[in-house]
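Trainee: Starting off with a structure, shown below.
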Amino acid sequence: MTEIKTEKKIDASSAPKLDKRLKELLEQGEDELVIDMGETTYISSVGLRAFVSAQKKLNKVGGSMTLTQVKPCIMEIFEVTGFAGVLTIELES
């Protein structure tokens, strides 16, 4: 299992780094990811794509990815876009 933390904003400037890190982990054979989103207050469509892409790859190998400490404002974005049903999400406590 690998845990990574996301930045405050997952946007056009930071999402490519996140996407690259996720792809690297998957290429190394990691099949269980925990993404700590406790600091994240904004996510763009580029960030959403990074998570969905990683989830699709993990589904193919029977792996898992959990987004933890998700703030309500970010959860709302996942719900509106329909990604709440695709991703495993744990709200901040």
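Numbering starts fresh at 1 for the residues of each chain in the structure tokens, the chains themselves are lettered A, B, ... in the order given, and ligands are numbered from 1 as they appear.
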Write down as a PyMOL selection string the residues belonging to chain A that are assigned strand (DSSP E) by DSSP computed on the backbone.
Mentor: chain A and resi 2-5+9-10+32-36+42-43+64-70+88-91
Trainee: Would you save the residues of that selection, restricted to C-alpha atoms, as a tab-separated table (two decimals), in the first residue's frame?
Mentor:
chain	number	residue	atom	x	y	z
A	2	THR	CA	1.23	3.46	-0.89
A	3	GLU	CA	-0.12	6.67	0.59
A	4	ILE	CA	0.28	10.02	-1.11
A	5	LYS	CA	-0.95	13.50	-0.18
A	9	LYS	CA	-5.38	22.82	-5.39
A	10	ILE	CA	-5.48	20.06	-7.99
A	32	GLU	CA	-3.36	-0.38	-3.39
A	33	LEU	CA	-3.32	3.40	-3.18
A	34	VAL	CA	-4.49	5.67	-0.38
A	35	ILE	CA	-4.81	9.31	-1.39
A	36	ASP	CA	-4.90	11.77	1.52
A	42	TYR	CA	-10.18	22.66	-5.12
A	43	ILE	CA	-10.09	20.09	-7.91
A	64	SER	CA	-7.95	-0.41	-5.05
A	65	MET	CA	-7.65	3.32	-4.49
A	66	THR	CA	-9.21	5.16	-1.57
A	67	LEU	CA	-9.49	8.94	-1.37
A	68	THR	CA	-9.39	9.89	2.32
A	69	GLN	CA	-10.08	13.06	4.31
A	70	VAL	CA	-12.18	14.47	1.46
A	88	THR	CA	-13.93	4.95	-3.07
A	89	ILE	CA	-14.21	8.11	-0.97
A	90	GLU	CA	-13.95	8.71	2.77
A	91	LEU	CA	-15.05	12.11	4.07
Trainee: So that I can check the surroundings of A:Val61, please list as a list of chain:residue names every protein, DNA and RNA residue that reaches within 12 Å of it, counting only C-alpha atoms and ignoring chain neighbours fewer than 5 positions away.
Mentor: A:Leu26, A:Glu27, A:Gly29, A:Glu30, A:Asp31, A:Glu32, A:Ala54, A:Gln55, A:Lys56
Trainee: Would you please extract all alpha helix (DSSP H) residues from chain A, as assigned by DSSP on the backbone, and give them as a ChimeraX atom specification?
Mentor: /A:15-27,45-60,72-81
Trainee: What does the distance from atom CA of A:Gly62 to atom CA of A:Glu79 come to in Å, to one decimal?
Mentor: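 Computed distance, atom CA of A:Gly62 to atom CA of A:Glu79, equals 23.9 Å.
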Trainee: For a test of reading the model, state the distance in Å between atom CA of A:Glu39 and atom CA of A:Thr6, rounded to one decimal.
Mentor: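 Between these atoms lies a distance of 6.9 Å.
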Trainee: I want to know what sits within 12 Å of A:Lys20, based on only C-alpha atoms, with residues of the same chain fewer than 3 positions away left out; could you give that as a ChimeraX atom specification?
Mentor: /A:14-17,23-27,47,50-51,53-54
